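Visitor: Next up is a structure, given as structure tokens.
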Amino acid sequence: MHITLTHYVIVSALLFSLGLFAVLSRRNAILVLMGIELILNSANINFIAFSRFGGSDMGGQAVAIFVIILAAAEAAVALAIVLNIYQRFHTVNVDDINKLRE
Amino acid sequence: MLPHILESAKLFYPELALTIAFCFVILAGLVTRNRIFTGLAGMAGVLAALYFVSVQAPVDGTAFSDMLAVDGFSRFFKIVILAATFIVQLFSLQSAELKSRAMGTAEYNALLTALALGMCLMAGASNMLMMYLALELTSITSYLLAGYTREAEDSAEAALKYVIYGAVASGMMLYGISIVYGLTGALDIYSVNQALGSGQVNLWTLILAGILITVGFGYKISAVPFHFWTPDVYEGAPVTITALLSVASKAAGFAMMIRFFRVTFADLIMGGQETGAWAMLGGFEWNEVLAVLAVLSMTLGNLVALWQNNLKRLLAYSSIAHAGYMLLGVVTMSPEGVSAVMIYFVVYLFMNLGAFYVVMLVADKTGSEEMSAYAGLGQRSPFIGVAMTIFLLSLTGIPPTAGFVGKLYIFSALIGAKMIGLVVIGALNSVVSLYYYVRILKNMFLKDAAPGGAVFGLSVPEVAMLLLLLVPTLLLGLYFGPLVEYAQASVSIFGIPR
């Protein structure tokens, strides 16, 4: 079977939906962050596939590299925040961390 | 390549000044723990950036292969952003909440300058990659600052909620950008516009992508229904950061959103011949989407604010409502509407920072942000009481305060665009907002202080700071000609005929 642009776009759409589903359905902060990573990587697949099949433009591949770096930075910050939450609340369940909305 | 970079760097002085200040403050933090020193160093960077923005020649151009546009529009927003950052840096020098933290003050001041840098880049971003990078620079520094007082549980919780909502919203925006890239093969918004103009683009896919990108903007300006993080983050974050998020990061979000919609979706050939309003490509009226967001933001923000007893939370809902008013200016899709948004931001800068400053003073002296801490404040400290009254009346939009001028120009732009329905909704919302602002006034002047409610005086810097915010709030309500002229002269976006 010949792999075309459509296959890549379908994979990325699936990945995006799964990521969004994880964010909406998971209550563990770490799993929510994993869902966010899926969303970012689905966009990466799109960028690279469109760049590969869309012509000579390398812009999409450059974006993917930037996004990978940013995802790492964001994950570092998010994990630091989750670690801090664990030290304060002794849980990483986002439903239990609800002091502000009394 | 090198001559181009050097040529671009000349347009990049404000951002360079902020970058240098950021590096300097981080390094200074290694040798000194003096919070005043690092604070002043950060302020020097922001002042230098303000200076470079104000001396820039009034010519429109782009820097770094069209990554950033340097035009009247971005200069105006950069001034608002840098002024707000500078005022918040002044707050930070005084804040007792921050003084209680011995560690990491250099990081705090460095992150403030990095935040200002990210927001300045947002104001100029004219490439979708640059938009995303600037948004993330702003967001990541904001997450850290929201959780700065990490000993406090509130602050930790605020940071967690902010990072989750922010990362999801920017992820969705990135996916939208990737679809636009697939449709047009371009990242630079001028090329995207050309590709869209050739008309070989599936409209429904484009609408889906546009809505995903709007999620990112909506999160940054905290418009309903992307506002869920706002009340919790505003309540939990240190009050200085709340003040900055409510003004500067909103301004940056608006600047980026207006530029994106104006350049990407506008029909540049057909647009603005007779009416002065912008025509949209493909016949899809993006301003109707924005109008829905605006009406929802105003109504929900104002109605929910009625039940709030925590002042920071109340001001959070009020800031959602104000985002709604400002969105109305964008909905007109006309130069009048955009200049009205710009006028509104200058006004909002002073009145909203003023209100937050009063909240900070009262919280520092009484240890509470609840409504009850304000009982009898008018007798206990008349100057704070009067100042808060003026800020709140201005937020409502009552003449002769500056808030009235802001609303006046928004509504007159709407009338000019024949959107009378939105004017009625906006005016009704202002009436609702009067109720909860006046509730605070009632507490301050008509209720007796709780027993033990200390009488507190103000130090000279505190009085000076209040006056710095109070005088423009009153002055701009009476003498607003120069501001209006400057805003109307600054609506030019690079590459767009007036």
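Chain identifiers are assigned as A, B, and so on, following the order in which chains appear in the structure tokens; residues are numbered from 1 within each chain, and ligands are numbered from 1 in order of appearance.
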With only C-alpha atoms considered, list every residue of chain A at most 7 Å from chain B, as a list of chain:residue names.
Guide: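 Those within range of chain B come out as A:Ile36, A:Ile39, A:Leu40, A:Ala43, A:Asn46, A:Phe47, A:Phe50, A:Gly54, A:Val63, A:Glu74, A:Ala78, A:Ile81, A:Val82, A:Asn84, A:Ile85, A:Arg88, A:Ile97, A:Leu100.
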Visitor: Could you take the residues named above and write them with N, CA and C atoms, as an mmCIF file, in the first residue's frame?
Guide:
data_model
loop_
_atom_site.group_PDB
_atom_site.id
_atom_site.type_symbol
_atom_site.label_atom_id
_atom_site.label_comp_id
_atom_site.auth_asym_id
_atom_site.auth_seq_id
_atom_site.Cartn_x
_atom_site.Cartn_y
_atom_site.Cartn_z
ATOM 1 N N ILE A 36 -1.666 16.412 26.662
ATOM 2 C CA ILE A 36 -1.191 17.644 26.019
ATOM 3 C C ILE A 36 -0.046 17.333 25.062
ATOM 4 N N ILE A 39 -1.408 16.125 21.859
ATOM 5 C CA ILE A 39 -1.934 17.210 21.010
ATOM 6 C C ILE A 39 -0.787 17.885 20.259
ATOM 7 N N LEU A 40 0.286 18.198 20.996
ATOM 8 C CA LEU A 40 1.412 18.887 20.349
ATOM 9 C C LEU A 40 2.022 18.013 19.251
ATOM 10 N N ALA A 43 0.064 17.885 16.027
ATOM 11 C CA ALA A 43 0.343 19.053 15.184
ATOM 12 C C ALA A 43 1.682 18.880 14.478
ATOM 13 N N ASN A 46 1.302 16.770 11.439
ATOM 14 C CA ASN A 46 0.711 17.586 10.385
ATOM 15 C C ASN A 46 1.757 18.450 9.695
ATOM 16 N N PHE A 47 2.556 19.162 10.502
ATOM 17 C CA PHE A 47 3.529 20.085 9.924
ATOM 18 C C PHE A 47 4.492 19.344 9.009
ATOM 19 N N PHE A 50 2.673 17.900 5.803
ATOM 20 C CA PHE A 50 2.343 18.947 4.827
ATOM 21 C C PHE A 50 3.606 19.485 4.165
ATOM 22 N N GLY A 54 3.731 18.887 0.449
ATOM 23 C CA GLY A 54 3.178 20.135 -0.075
ATOM 24 C C GLY A 54 4.095 20.871 -1.024
ATOM 25 N N VAL A 63 9.152 24.316 11.998
ATOM 26 C CA VAL A 63 8.178 24.487 13.069
ATOM 27 C C VAL A 63 8.211 23.285 14.002
ATOM 28 N N GLU A 74 7.891 23.269 28.201
ATOM 29 C CA GLU A 74 6.594 23.311 28.864
ATOM 30 C C GLU A 74 6.443 22.136 29.831
ATOM 31 N N ALA A 78 5.663 22.348 33.708
ATOM 32 C CA ALA A 78 4.442 21.721 34.202
ATOM 33 C C ALA A 78 4.760 20.672 35.256
ATOM 34 N N ILE A 81 5.586 22.253 38.506
ATOM 35 C CA ILE A 81 4.373 22.725 39.188
ATOM 36 C C ILE A 81 3.635 21.548 39.814
ATOM 37 N N VAL A 82 3.562 20.416 39.103
ATOM 38 C CA VAL A 82 2.866 19.250 39.645
ATOM 39 C C VAL A 82 3.601 18.718 40.879
ATOM 40 N N ASN A 84 5.378 20.442 42.955
ATOM 41 C CA ASN A 84 5.062 21.377 44.035
ATOM 42 C C ASN A 84 3.664 21.101 44.598
ATOM 43 N N ILE A 85 2.711 20.826 43.699
ATOM 44 C CA ILE A 85 1.348 20.489 44.119
ATOM 45 C C ILE A 85 1.384 19.233 44.998
ATOM 46 N N ARG A 88 2.436 19.999 48.479
ATOM 47 C CA ARG A 88 1.439 20.731 49.271
ATOM 48 C C ARG A 88 0.241 19.859 49.607
ATOM 49 N N ILE A 97 -7.823 19.103 44.012
ATOM 50 C CA ILE A 97 -7.101 20.357 44.249
ATOM 51 C C ILE A 97 -8.056 21.480 43.899
ATOM 52 N N LEU A 100 -9.631 26.905 45.804
ATOM 53 C CA LEU A 100 -9.942 28.293 45.449
ATOM 54 C C LEU A 100 -11.424 28.532 45.213
#
Visitor: So that I can see what lies close to segment 221-227 of chain B, please list as an MDAnalysis selection string the residues with an atom at most 7 Å from it, counting only C-alpha atoms and leaving out residues fewer than 5 positions away in the same chain.
Guide: chainID B and resid 215 250 253:254 293 296:297 320 323:324
Visitor: Record the distance separating atom CA of Gly35 of chain A and atom CA of Trp229 of chain B, expressed in Å with one decimal.
Guide: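 Answer for the atom CA of Gly35 of chain A to atom CA of Trp229 of chain B separation: 18.1 Å.
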Visitor: Please give the complete set of residues from segment 269-386 of chain B that DSSP, run on the backbone, assigns to helix (DSSP H, G or I), formatted as a PyMOL selection string.
Guide: chain B and resi 281-283+286-305+311-331+335-366+371-374+377-380+382-386
Visitor: Identify which of the residues A:Ala80, A:Ile3, A:Ile69, A:Val23 lies closest to Phe53 of chain A, counting only C-alpha atoms when measuring atom-to-atom distances.
Guide: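 Of A:Ala80, A:Ile3, A:Ile69, A:Val23, the one nearest Phe53 of chain A is A:Ile3, counting only C-alpha atoms.
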Visitor: Report as number ranges by chain all protein, DNA and RNA residues lying within 12 Å of Ile20 of chain B, evaluated on only C-alpha atoms, omitting residues in the same chain fewer than 6 positions from it.
Guide: B: 13-14, 26-28, 41-42, 44-46, 48-49, 110, 113-114, 117
Visitor: Quote the spacing between atom CA of Ser8 of chain B and atom CA of Ile79 of chain B in Å to one decimal place.
Guide: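 Computed distance, atom CA of Ser8 of chain B to atom CA of Ile79 of chain B, equals 19.8 Å.
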Visitor: Rounded to one decimal place, report the atom CA of Met257 of chain B-atom CA of Gln200 of chain B distance in Å.
Guide: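 Computed distance, atom CA of Met257 of chain B to atom CA of Gln200 of chain B, equals 24.3 Å.
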